[in-house]
file start17.cif (mmCIF, C-alpha atoms)
data_target
loop_
_atom_site.label_atom_id
_atom_site.label_comp_id
_atom_site.auth_asym_id
_atom_site.auth_seq_id
_atom_site.Cartn_x
_atom_site.Cartn_y
_atom_site.Cartn_z
CA MET I 1 0.00 0.00 0.00
CA LYS I 2 1.13 3.54 -0.77
CA LEU I 3 0.03 6.51 1.30
CA ILE I 4 -0.36 9.89 -0.41
CA VAL I 5 -0.80 12.90 1.87
CA ALA I 6 -1.80 16.31 0.49
CA ILE I 7 -0.70 19.27 2.64
CA PRO I 8 -3.20 22.16 2.47
CA GLU I 9 -2.24 25.79 2.00
CA GLY I 10 -2.99 26.74 5.61
CA TRP I 11 -1.01 23.88 7.18
CA GLU I 12 0.72 24.88 10.43
CA ASP I 13 1.75 21.77 12.39
CA ALA I 14 1.04 18.09 13.02
CA CYS I 15 -2.41 18.93 14.42
CA SER I 16 -3.55 20.56 11.17
CA GLN I 17 -5.93 18.68 8.91
CA VAL I 18 -4.47 16.91 5.86
CA ALA I 19 -6.12 14.91 3.10
CA TRP I 20 -4.84 11.39 2.58
CA ALA I 21 -5.46 8.34 0.41
CA LEU I 22 -4.17 4.79 0.75
CA MET I 23 -3.45 3.42 -2.71
CA ARG I 24 -3.32 -0.20 -3.81
CA PRO I 25 -0.57 -1.39 -6.19
CA ASP I 26 -3.06 -1.19 -9.08
CA LYS I 27 -3.50 2.58 -8.38
CA THR I 28 -7.01 2.18 -6.96
CA ILE I 29 -7.95 3.82 -3.66
CA ALA I 30 -8.24 1.44 -0.71
CA SER I 31 -9.33 4.15 1.73
CA GLU I 32 -9.15 7.90 2.13
CA GLY I 33 -10.01 10.63 4.58
CA GLU I 34 -8.94 13.79 6.38
CA GLY I 35 -7.42 14.42 9.79
CA PRO I 36 -4.23 15.24 11.71
CA LEU I 37 -1.03 13.33 11.09
CA SER I 38 -1.64 11.17 14.15
CA ALA I 39 -4.80 9.79 12.49
CA LEU I 40 -3.06 8.64 9.30
CA PRO I 41 -3.04 4.91 8.45
CA THR I 42 -0.13 2.98 9.93
CA VAL I 43 2.52 2.92 7.21
CA LYS I 44 6.27 3.36 7.34
CA ARG I 45 6.58 5.69 4.37
CA ALA I 46 4.45 8.19 2.51
CA THR I 47 4.49 10.53 -0.45
CA VAL I 48 3.89 14.11 0.67
CA VAL I 49 2.34 16.58 -1.79
CA VAL I 50 2.80 20.26 -0.92
CA PRO I 51 0.49 22.98 -2.28
CA ALA I 52 1.40 24.87 -5.45
CA SER I 53 1.41 28.20 -3.65
CA ARG I 54 4.36 27.02 -1.50
CA VAL I 55 6.62 26.36 -4.48
CA LEU I 56 8.14 28.66 -7.07
CA LEU I 57 8.78 26.97 -10.41
CA THR I 58 11.24 28.87 -12.53
CA ALA I 59 14.22 28.22 -14.81
CA ALA I 60 17.92 29.03 -14.78
CA THR I 61 20.55 29.03 -17.51
CA LEU I 62 23.49 26.97 -16.30
CA PRO I 63 27.05 27.14 -17.65
CA SER I 64 28.22 24.32 -19.88
CA ARG I 65 31.02 23.55 -17.43
CA GLY I 66 30.71 22.85 -13.75
CA VAL I 67 27.00 22.02 -14.03
CA ARG I 68 27.08 19.71 -11.01
CA ARG I 69 28.68 22.36 -8.84
CA VAL I 70 26.12 24.97 -9.95
CA ARG I 71 23.21 22.59 -9.25
CA ASN I 72 24.35 22.41 -5.64
CA ALA I 73 23.78 26.17 -5.42
CA LEU I 74 20.68 26.63 -7.59
CA ALA I 75 19.21 29.19 -5.21
CA TYR I 76 22.01 31.59 -6.12
CA ALA I 77 21.48 30.89 -9.84
CA VAL I 78 17.93 32.33 -9.54
CA GLU I 79 18.70 34.86 -6.79
CA ASP I 80 17.30 37.71 -8.89
CA GLN I 81 13.87 35.98 -8.88
CA LEU I 82 13.72 35.57 -5.11
CA THR I 83 12.20 37.98 -2.65
CA GLY I 84 14.35 36.79 0.26
CA ASP I 85 17.76 35.46 1.13
CA PRO I 86 18.88 32.46 -0.99
CA GLU I 87 19.98 30.76 2.26
CA SER I 88 16.35 30.68 3.41
CA VAL I 89 15.15 28.50 0.51
CA HIS I 90 15.73 24.98 -0.72
CA ALA I 91 16.18 24.77 -4.51
CA VAL I 92 16.24 21.53 -6.51
CA PRO I 93 16.40 20.73 -10.24
CA ALA I 94 12.96 20.01 -11.69
CA GLY I 95 12.53 17.77 -14.69
CA ALA I 96 15.10 17.06 -17.36
CA PRO I 97 17.42 19.88 -18.49
CA ARG I 98 16.92 21.37 -21.95
CA GLY I 99 20.40 22.17 -23.08
CA ASN I 100 21.78 24.69 -20.60
CA LEU I 101 18.28 25.57 -19.37
CA GLN I 102 17.26 23.84 -16.14
CA SER I 103 13.87 24.12 -14.46
CA VAL I 104 14.17 24.83 -10.74
CA ALA I 105 11.71 24.23 -7.89
CA ILE I 106 12.12 26.48 -4.84
CA ILE I 107 10.51 26.03 -1.42
CA GLU I 108 11.02 27.69 1.97
CA ARG I 109 13.66 25.68 3.86
CA ASP I 110 12.24 26.06 7.39
CA TRP I 111 8.68 25.23 6.28
CA LEU I 112 9.84 22.05 4.54
CA ARG I 113 11.86 21.02 7.59
CA ARG I 114 8.78 21.48 9.84
CA VAL I 115 6.71 19.28 7.52
CA ILE I 116 9.27 16.46 7.50
CA GLU I 117 9.82 16.62 11.28
CA SER I 118 6.05 16.55 11.89
CA PHE I 119 5.68 13.39 9.83
CA GLU I 120 8.63 11.72 11.55
CA SER I 121 7.22 12.58 14.98
CA ALA I 122 4.04 10.78 13.89
CA GLY I 123 6.07 7.67 13.03
CA ILE I 124 5.97 8.18 9.25
CA SER I 125 9.10 8.69 7.16
CA PRO I 126 8.35 10.58 3.92
CA GLU I 127 9.92 8.75 1.00
CA SER I 128 9.07 11.59 -1.39
CA VAL I 129 8.08 15.24 -1.12
CA THR I 130 6.82 16.84 -4.30
CA VAL I 131 4.50 19.64 -5.43
CA GLU I 132 0.98 19.24 -6.78
CA THR I 133 1.71 21.51 -9.75
CA CYS I 134 3.78 18.79 -11.40
CA LEU I 135 1.34 15.97 -10.65
CA ALA I 136 -1.79 17.14 -12.44
CA PRO I 137 -2.25 15.21 -15.73
CA ARG I 138 -1.11 17.06 -18.84
CA LYS I 139 -0.61 15.95 -22.41
CA GLU I 140 2.12 17.31 -24.62
CA GLY I 141 1.26 20.75 -25.97
CA GLU I 142 -1.62 21.45 -23.57
CA TRP I 143 -2.05 23.23 -20.24
CA THR I 144 -3.94 22.04 -17.17
CA LEU I 145 -5.80 24.48 -14.92
CA VAL I 146 -7.00 23.18 -11.53
CA LEU I 147 -9.64 25.36 -9.86
CA ARG I 148 -10.71 25.23 -6.22
CA GLU I 149 -12.89 27.42 -4.00
CA ASN I 150 -9.98 29.63 -2.91
CA GLY I 151 -7.50 29.37 -5.73
CA GLY I 152 -5.74 26.63 -7.63
CA PHE I 153 -2.79 26.25 -9.96
CA LEU I 154 -1.83 26.20 -13.62
CA ARG I 155 0.53 23.60 -15.09
CA THR I 156 2.15 24.67 -18.34
CA GLY I 157 4.95 22.11 -18.76
CA GLU I 158 6.73 19.12 -17.31
CA ALA I 159 8.08 21.21 -14.43
CA ALA I 160 6.49 24.57 -15.08
CA GLY I 161 3.47 26.30 -13.65
CA MET I 162 2.24 28.56 -10.87
CA GLY I 163 -0.30 28.77 -8.09
CA PHE I 164 -2.89 31.48 -7.52
CA ASP I 165 -5.48 32.44 -4.92
CA ASP I 166 -8.30 33.90 -7.04
CA ALA I 167 -11.80 33.07 -5.82
CA LEU I 168 -13.76 30.55 -7.87
CA ASP I 169 -16.44 32.70 -9.50
CA GLY I 170 -16.57 31.27 -13.02
CA SER I 171 -14.44 33.99 -14.60
CA VAL I 172 -11.06 33.49 -16.24
CA PRO I 173 -8.28 33.72 -13.60
CA ALA I 174 -5.88 36.61 -14.08
CA VAL I 175 -2.89 34.27 -13.86
CA LEU I 176 -4.16 32.38 -16.92
CA ARG I 177 -4.49 35.58 -18.92
CA LEU I 178 -0.95 36.65 -18.04
CA ALA I 179 0.47 33.22 -18.85
CA LEU I 180 -1.24 33.20 -22.27
CA GLU I 181 0.07 36.67 -23.08
CA ALA I 182 3.62 35.58 -22.21
CA ALA I 183 3.26 32.37 -24.26
CA ARG I 184 1.83 34.31 -27.21
CA GLY I 185 4.81 36.65 -27.13
CA ALA I 186 7.19 33.70 -27.05
CA GLY I 187 5.31 31.85 -29.78
CA ASP I 188 4.62 28.92 -27.46
CA LEU I 189 0.84 28.86 -27.10
CA PRO I 190 -0.78 25.59 -25.99
CA SER I 191 -3.09 23.65 -28.28
CA ARG I 192 -5.83 23.69 -25.62
CA ILE I 193 -6.49 24.28 -21.93
CA VAL I 194 -8.08 21.58 -19.76
CA VAL I 195 -9.94 23.08 -16.80
CA ARG I 196 -10.49 20.75 -13.84
CA SER I 197 -12.99 21.92 -11.25
CA ASP I 198 -15.89 20.76 -9.07
CA SER I 199 -18.15 23.17 -10.91
CA ALA I 200 -17.41 23.18 -14.64
CA PRO I 201 -16.84 26.67 -16.12
CA ASP I 202 -18.51 27.90 -19.29
CA ALA I 203 -15.94 26.47 -21.71
CA LEU I 204 -17.49 28.23 -24.73
CA ALA I 205 -17.37 31.63 -23.01
CA TRP I 206 -13.76 31.05 -21.99
CA ARG I 207 -12.91 30.01 -25.54
CA ARG I 208 -14.39 33.21 -27.00
CA GLU I 209 -12.71 35.36 -24.37
CA LEU I 210 -9.26 33.80 -24.63
CA ASP I 211 -9.38 32.81 -28.29
CA MET I 212 -8.17 29.40 -27.14
CA LEU I 213 -9.72 25.93 -27.12
CA CYS I 214 -10.90 25.21 -23.55
CA GLU I 215 -12.25 21.93 -22.26
CA ALA I 216 -13.98 21.33 -18.93
CA ALA I 217 -13.09 18.19 -16.97
CA GLY I 218 -13.83 16.75 -13.55
CA PRO I 219 -12.01 17.80 -10.38
CA TRP I 220 -8.47 16.58 -9.68
CA ARG I 221 -6.94 15.36 -6.41
CA ALA I 222 -3.34 14.58 -5.51
CA CYS I 223 -4.13 10.87 -5.04
CA GLU I 224 -5.06 10.70 -8.74
CA SER I 225 -1.52 11.55 -9.85
CA ALA I 226 0.02 9.17 -12.35
CA GLY I 227 3.63 8.55 -13.19
CA HIS I 228 6.81 9.93 -11.65
CA ALA I 229 6.78 13.44 -10.23
CA GLY I 230 9.12 15.89 -11.95
CA VAL I 231 10.07 17.50 -8.64
CA GLU I 232 11.69 15.81 -5.65
CA PHE I 233 12.57 17.95 -2.63
CA LEU I 234 14.29 15.17 -0.68
CA GLN I 235 17.67 16.05 -2.14
CA GLY I 236 20.82 17.63 -0.73
CA GLU I 237 20.43 18.43 2.96
CA PHE I 238 16.95 16.81 2.95
CA ALA I 239 18.06 13.58 1.29
CA ARG I 240 16.36 10.65 3.00
CA ALA I 241 18.74 8.69 5.21
CA SER I 242 18.93 4.94 4.62
CA ASP I 243 17.31 2.55 7.08
CA LEU I 244 20.73 1.33 8.15
CA SER I 245 21.95 4.81 9.03
CA LYS I 246 18.84 5.34 11.16
CA LEU I 247 19.37 2.06 12.95
CA TRP I 248 23.10 2.62 13.43
CA PRO I 249 22.83 4.27 16.89
CA ARG I 250 21.05 1.14 18.17
CA LEU I 251 23.33 -1.25 16.28
CA ARG I 252 26.55 0.45 17.37
CA PRO I 253 26.99 -1.42 20.72
CA ALA I 254 26.48 -4.78 19.03
CA ALA I 255 28.85 -3.79 16.22
CA VAL I 256 31.51 -2.82 18.78
CA LEU I 257 31.15 -6.20 20.52
CA VAL I 258 31.39 -8.07 17.21
CA ALA I 259 34.47 -6.08 16.23
CA ALA I 260 36.07 -6.74 19.62
CA ALA I 261 35.32 -10.48 19.39
CA LEU I 262 36.73 -10.57 15.87
CA ALA I 263 39.88 -8.76 17.03
CA VAL I 264 40.35 -11.23 19.89
CA GLU I 265 39.86 -14.16 17.49
CA VAL I 266 42.39 -12.76 15.02
CA ILE I 267 44.94 -12.01 17.75
CA GLY I 268 44.45 -15.48 19.27
CA THR I 269 44.83 -17.19 15.88
CA VAL I 270 47.97 -15.24 15.05
CA GLY I 271 49.40 -15.97 18.53
CA HIS I 272 48.64 -19.69 18.21
CA TRP I 273 50.23 -19.80 14.75
CA ALA I 274 53.33 -18.02 16.09
CA ALA I 275 53.57 -20.53 18.99
CA LEU I 276 53.27 -23.51 16.62
CA ARG I 277 55.86 -22.01 14.32
CA HIS I 278 58.23 -21.52 17.25
CA GLU I 279 57.64 -25.12 18.41
CA LYS I 280 58.32 -26.38 14.88
CA ALA I 281 61.58 -24.45 14.76
CA GLN I 282 62.64 -25.95 18.10
CA LEU I 283 61.81 -29.50 16.94
CA GLU I 284 63.76 -29.01 13.71
CA ALA I 285 66.71 -27.64 15.68
CA GLY I 286 66.57 -30.69 17.98
CA MET I 287 66.51 -33.05 14.98
CA ARG I 288 69.53 -31.30 13.49
CA GLU I 289 71.44 -31.67 16.75
CA GLN I 290 70.58 -35.39 16.95
CA PHE I 291 71.60 -35.88 13.33
CA LYS I 292 74.94 -34.12 13.91
CA ALA I 293 75.55 -36.28 16.98
CA ALA I 294 74.79 -39.50 15.05
CA PHE I 295 76.56 -38.52 11.82
CA PRO I 296 79.22 -35.89 12.61
CA GLN I 297 80.82 -36.34 9.18
CA ALA I 298 77.71 -34.91 7.39
CA GLN I 299 78.47 -31.58 5.76
CA ALA I 300 75.03 -30.17 4.89
CA ILE I 301 71.75 -30.76 6.66
CA VAL I 302 68.67 -29.95 4.59
CA ASP I 303 66.05 -32.44 5.80
CA PRO I 304 67.38 -34.12 8.97
CA ALA I 305 64.50 -36.66 9.19
CA LEU I 306 64.92 -37.85 5.60
CA GLN I 307 68.70 -37.83 5.80
CA MET I 308 68.55 -39.82 9.07
CA ARG I 309 66.36 -42.52 7.43
CA ARG I 310 68.69 -42.79 4.43
CA ASN I 311 71.85 -42.95 6.53
CA LEU I 312 70.32 -45.59 8.83
CA HIS I 313 69.28 -47.62 5.81
CA ALA I 314 72.77 -47.40 4.37
CA ALA I 315 74.35 -48.37 7.74
CA ARG I 316 72.08 -51.39 8.08
CA THR I 317 72.87 -52.48 4.55
CA VAL I 318 76.60 -52.26 5.24
CA ALA I 319 76.12 -54.27 8.44
CA GLY I 320 74.21 -56.95 6.52
CA MET I 321 70.91 -56.29 8.31
CA ALA I 322 67.70 -56.92 6.42
CA GLN I 323 65.63 -53.80 5.64
CA GLU I 324 61.87 -53.60 5.66
CA SER I 325 61.99 -52.82 1.96
CA ASP I 326 64.03 -55.91 1.10
CA PHE I 327 62.52 -58.86 -0.72
CA LEU I 328 62.26 -61.31 2.20
CA PRO I 329 60.69 -58.88 4.76
CA LEU I 330 58.16 -57.72 2.18
CA LEU I 331 57.36 -61.31 1.18
CA ALA I 332 56.99 -62.32 4.84
CA LYS I 333 54.50 -59.52 5.48
CA ALA I 334 52.59 -60.35 2.30
CA MET I 335 52.36 -64.00 3.34
CA ARG I 336 51.27 -62.95 6.85
CA LEU I 337 48.33 -61.23 5.17
CA ASP I 338 47.55 -64.61 3.59
CA ALA I 339 47.47 -63.14 0.10
CA GLY I 340 47.54 -66.62 -1.40
CA ALA I 341 44.24 -67.51 0.22
CA ILE I 342 42.34 -65.13 -2.04
CA GLY I 343 43.53 -66.75 -5.20
CA ARG I 344 46.31 -68.65 -6.87
CA VAL I 345 49.66 -66.84 -6.96
CA LYS I 346 50.97 -67.09 -10.51
CA ALA I 347 54.12 -64.95 -10.27
CA ILE I 348 56.26 -63.08 -7.73
CA GLY I 349 58.46 -60.11 -8.63
CA TYR I 350 60.72 -57.69 -6.80
CA ASP I 351 62.33 -54.44 -7.91
CA THR I 352 63.63 -51.59 -5.77
CA GLU I 353 61.60 -51.88 -2.60
CA ARG I 354 58.57 -53.18 -4.47
CA LEU I 355 57.16 -56.69 -4.23
CA THR I 356 54.61 -57.67 -6.87
CA LEU I 357 52.25 -60.63 -6.75
CA ASP I 358 50.23 -61.72 -9.79
CA ILE I 359 47.17 -63.50 -8.39
CA GLU I 360 44.39 -65.29 -10.29
CA LEU I 361 41.04 -64.45 -8.70
CA SER I 362 38.04 -66.78 -8.78
CA GLU I 363 35.64 -63.93 -9.65
CA ARG I 364 36.04 -60.93 -11.93
CA ASN I 365 34.86 -58.29 -9.43
CA LEU I 366 36.91 -59.29 -6.39
CA ALA I 367 39.88 -56.94 -6.97
CA ASP I 368 38.62 -53.95 -4.89
CA SER I 369 37.40 -56.14 -2.01
CA VAL I 370 40.72 -58.02 -2.00
CA LEU I 371 42.61 -54.74 -1.75
CA LYS I 372 40.61 -53.71 1.33
CA ARG I 373 41.24 -57.10 2.98
CA LEU I 374 44.99 -56.79 2.51
CA GLU I 375 45.38 -53.27 3.99
CA GLU I 376 47.81 -53.33 6.92
CA LYS I 377 49.34 -50.65 9.11
CA ASP I 378 53.00 -51.66 8.65
CA ILE I 379 52.91 -52.40 4.92
CA GLY I 380 51.47 -50.60 1.95
CA VAL I 381 49.56 -52.38 -0.77
CA ARG I 382 47.91 -51.16 -3.93
CA LEU I 383 46.22 -52.62 -6.97
CA GLU I 384 48.38 -51.91 -9.99
CA ALA I 385 46.42 -53.68 -12.73
CA THR I 386 43.63 -56.13 -13.41
CA ARG I 387 42.94 -58.30 -16.42
CA PRO I 388 39.46 -59.81 -16.62
CA LYS I 389 38.93 -63.26 -18.15
CA ALA I 390 35.83 -65.24 -19.05
CA THR I 391 34.91 -66.36 -15.52
CA SER I 392 37.82 -65.05 -13.47
CA ALA I 393 40.41 -62.27 -13.42
CA GLU I 394 44.09 -61.63 -12.80
CA ALA I 395 45.22 -58.88 -10.45
CA ARG I 396 48.68 -57.46 -9.80
CA LEU I 397 49.23 -56.36 -6.20
CA VAL I 398 52.20 -54.23 -5.22
CA PHE I 399 53.57 -54.37 -1.65
CA MET I 400 55.96 -51.74 -0.26
CA PRO I 401 56.95 -50.26 3.09
CA ARG I 402 54.26 -47.99 4.53
CA GLY I 403 54.71 -44.39 3.38
CA ARG I 404 56.55 -45.29 0.13
CA LYS I 405 55.09 -44.66 -3.29
#

call {"tool": "encode", "arguments": {"input": "start17.cif", "output": "structure tokens"}}
result
Amino acid sequence: MKLIVAIPEGWEDACSQVAWALMRPDKTIASEGEGPLSALPTVKRATVVVPASRVLLTAATLPSRGVRRVRNALAYAVEDQLTGDPESVHAVPAGAPRGNLQSVAIIERDWLRRVIESFESAGISPESVTVETCLAPRKEGEWTLVLRENGGFLRTGEAAGMGFDDALDGSVPAVLRLALEAARGAGDLPSRIVVRSDSAPDALAWRRELDMLCEAAGPWRACESAGHAGVEFLQGEFARASDLSKLWPRLRPAAVLVAAALAVEVIGTVGHWAALRHEKAQLEAGMREQFKAAFPQAQAIVDPALQMRRNLHAARTVAGMAQESDFLPLLAKAMRLDAGAIGRVKAIGYDTERLTLDIELSERNLADSVLKRLEEKDIGVRLEATRPKATSAEARLVFMPRGRK
């Protein structure tokens, strides 16, 4: 649901009456009414429509360079059209620029701030603040005149128009006459004027008086606006803060605790890593000392554990001691696993710490299960090849000391 709130001309504070409408996604009205801000439907956000008489729509010629910087100070670009201090107004670009010409919407800064603060005190955060002048429907090349009991407004372009306070008496408003004279002098007359009012004016009389096609239509309300508004006042100093920035004061303590916990975790991890690295260095230094004590003739020590294993193997070989990688120890371990019980051993081979057994299996799919049965902690075994036959299969098993490849 979307809430549209129309601020009347005489609005003073949150207790003043406003007109509102709750819109469905299909643009139909779910409910509507009038009342103070405290009586509005419960929604988080709303579109606020300010009266035309509160906004001055004008245009400024901007330089070709430094456009962004000039847009941040639009009030000074139209200072000659203001009746007060540029610091007292809030000026925003309105509609798309036409070359160097930019339409500008100007509203009193303090009044706009009071409106926004009143809504926020009522628990509603305005997501958009625009002006009714730029919401009334208008086709290309035509003007729209909205008449009410005590005034109205005239829309002459995408972001152009003016408000007036003439009484509704059926006569042509003076502001319309002046606008037509200016358009006639500039050669930019509209094709027709659509007059929207509760009581339809005499369109034929207006047409004869203005020499302009006039058409009477039904009344218009802000909730009937269609499309995107050409004016958005929530820019610059009034830009709407994100939900996260509003929640930050409440989230800050939790964020500080999370950051502190993360810092402790990082410091602890780094400290633990440093302790393990120091312990590793001490163990390596101890291994080097033991290696030097056992083999003082060694010149360079790169990997003391590997060099110790190789030197011990060489010393045992010189002493005539059998090594675990020799043929007989490997064969003894293979026989202890009862490898022959799983099939008939056809051939035995040995080459550089590797014992191979070619076994004929009774079934073709027994190779993987046989490998699992032969796994042992002190000897490594792997299946090197299989050769299926009609009703059986041959498998080559390789035995080696544990940890060798």

call {"tool": "resolve_selection", "arguments": {"input": "start17.cif", "expression": "the PyMOL selection byres ((chain I and resi 199) around 10)", "output": "list in words"}}
result
Leu147, Arg148, Glu149, Leu168, Asp169, Gly170, Arg196, Ser197, Asp198, Ala200, Pro201, Asp202, Ala216, Ala217, Gly218 and Pro219 of chain I

call {"tool": "write_last_selection", "arguments": {"input": "start17.cif", "atoms": "C-alpha atoms", "output": "compact mmCIF listing (two decimals), keeping the file's coordinate frame"}}
result
# COMPACT_ATOMS: atom_id res chain seq x y z
CA LEU I 147 -9.64 25.36 -9.86
CA ARG I 148 -10.71 25.23 -6.22
CA GLU I 149 -12.89 27.42 -4.00
CA LEU I 168 -13.76 30.55 -7.87
CA ASP I 169 -16.44 32.70 -9.50
CA GLY I 170 -16.57 31.27 -13.02
CA ARG I 196 -10.49 20.75 -13.84
CA SER I 197 -12.99 21.92 -11.25
CA ASP I 198 -15.89 20.76 -9.07
CA ALA I 200 -17.41 23.18 -14.64
CA PRO I 201 -16.84 26.67 -16.12
CA ASP I 202 -18.51 27.90 -19.29
CA ALA I 216 -13.98 21.33 -18.93
CA ALA I 217 -13.09 18.19 -16.97
CA GLY I 218 -13.83 16.75 -13.55
CA PRO I 219 -12.01 17.80 -10.38

call {"tool": "closest_residue", "arguments": {"input": "start17.cif", "among": "I:Ser392, I:Ser191, I:Ser171, I:Ser16", "to": "Lys139 (chain I)", "atoms": "all atoms listed in the file"}}
result
I:Ser191

call {"tool": "resolve_selection", "arguments": {"input": "start17.cif", "expression": "the PyMOL selection byres ((chain I and resi 285-290) around 12)", "output": "list in words"}}
result
His278, Glu279, Lys280, Ala281, Gln282, Leu283, Glu284, Phe291, Lys292, Ala293, Ala294, Phe295, Pro296, Ala298, Gln299, Ala300, Ile301, Val302, Asp303, Pro304, Ala305, Leu306, Gln307 and Met308 of chain I

call {"tool": "resolve_selection", "arguments": {"input": "start17.cif", "expression": "the PyMOL selection byres ((chain I and resi 233) around 9)", "output": "list in words"}}
result
His90, Ala91, Val92, Pro93, Ala105, Ile106, Ile107, Leu112, Ser128, Val129, Thr130, Val131, Val231, Glu232, Leu234, Gln235, Gly236, Phe238 and Ala239 of chain I

call {"tool": "atom_distance", "arguments": {"input": "start17.cif", "atom1": "CA of Val43 (chain I)", "atom2": "CA of Arg252 (chain I)"}}
result
26.2 Å

call {"tool": "atom_distance", "arguments": {"input": "start17.cif", "atom1": "CA of Asp13 (chain I)", "atom2": "CA of Met162 (chain I)"}}
result
24.2 Å

call {"tool": "atom_distance", "arguments": {"input": "start17.cif", "atom1": "CA of Arg184 (chain I)", "atom2": "CA of Gly141 (chain I)"}}
result
13.6 Å

call {"tool": "closest_residue", "arguments": {"input": "start17.cif", "among": "I:Ile193, I:Leu361, I:Leu210, I:Ala347", "to": "Arg387 (chain I)", "atoms": "only C-alpha atoms"}}
result
I:Leu361

call {"tool": "closest_residue", "arguments": {"input": "start17.cif", "among": "I:Asp368, I:Glu209, I:Glu215, I:Glu158", "to": "Leu57 (chain I)", "atoms": "all atoms listed in the file"}}
result
I:Glu158

call {"tool": "closest_residue", "arguments": {"input": "start17.cif", "among": "I:Ala52, I:Pro126, I:Glu360, I:Ser103", "to": "Ala77 (chain I)", "atoms": "only C-alpha atoms"}}
result
I:Ser103

call {"tool": "residues_around", "arguments": {"input": "start17.cif", "residues": "Ser125 (chain I)", "least_positions_apart": "5", "cutoff": "10 Å", "atoms": "only C-alpha atoms", "output": "ChimeraX atom specification"}}
result
/I:43-48,116-120,240-241

call {"tool": "closest_residue", "arguments": {"input": "start17.cif", "among": "I:Ile379, I:Val345, I:Ala60, I:Val115", "to": "Trp11 (chain I)", "atoms": "all atoms listed in the file"}}
result
I:Val115

call {"tool": "closest_residue", "arguments": {"input": "start17.cif", "among": "I:Gly10, I:Gly343, I:Pro51, I:Gly95", "to": "Glu394 (chain I)", "atoms": "only C-alpha atoms"}}
result
I:Gly343

call {"tool": "residues_around", "arguments": {"input": "start17.cif", "residues": "Leu357 (chain I)", "least_positions_apart": "2", "cutoff": "6 Å", "atoms": "only C-alpha atoms", "output": "compact mmCIF listing (two decimals) with C-alpha atoms, keeping the file's coordinate frame"}}
result
# COMPACT_ATOMS: atom_id res chain seq x y z
CA ALA I 347 54.12 -64.95 -10.27
CA ILE I 348 56.26 -63.08 -7.73
CA ARG I 396 48.68 -57.46 -9.80
CA LEU I 397 49.23 -56.36 -6.20
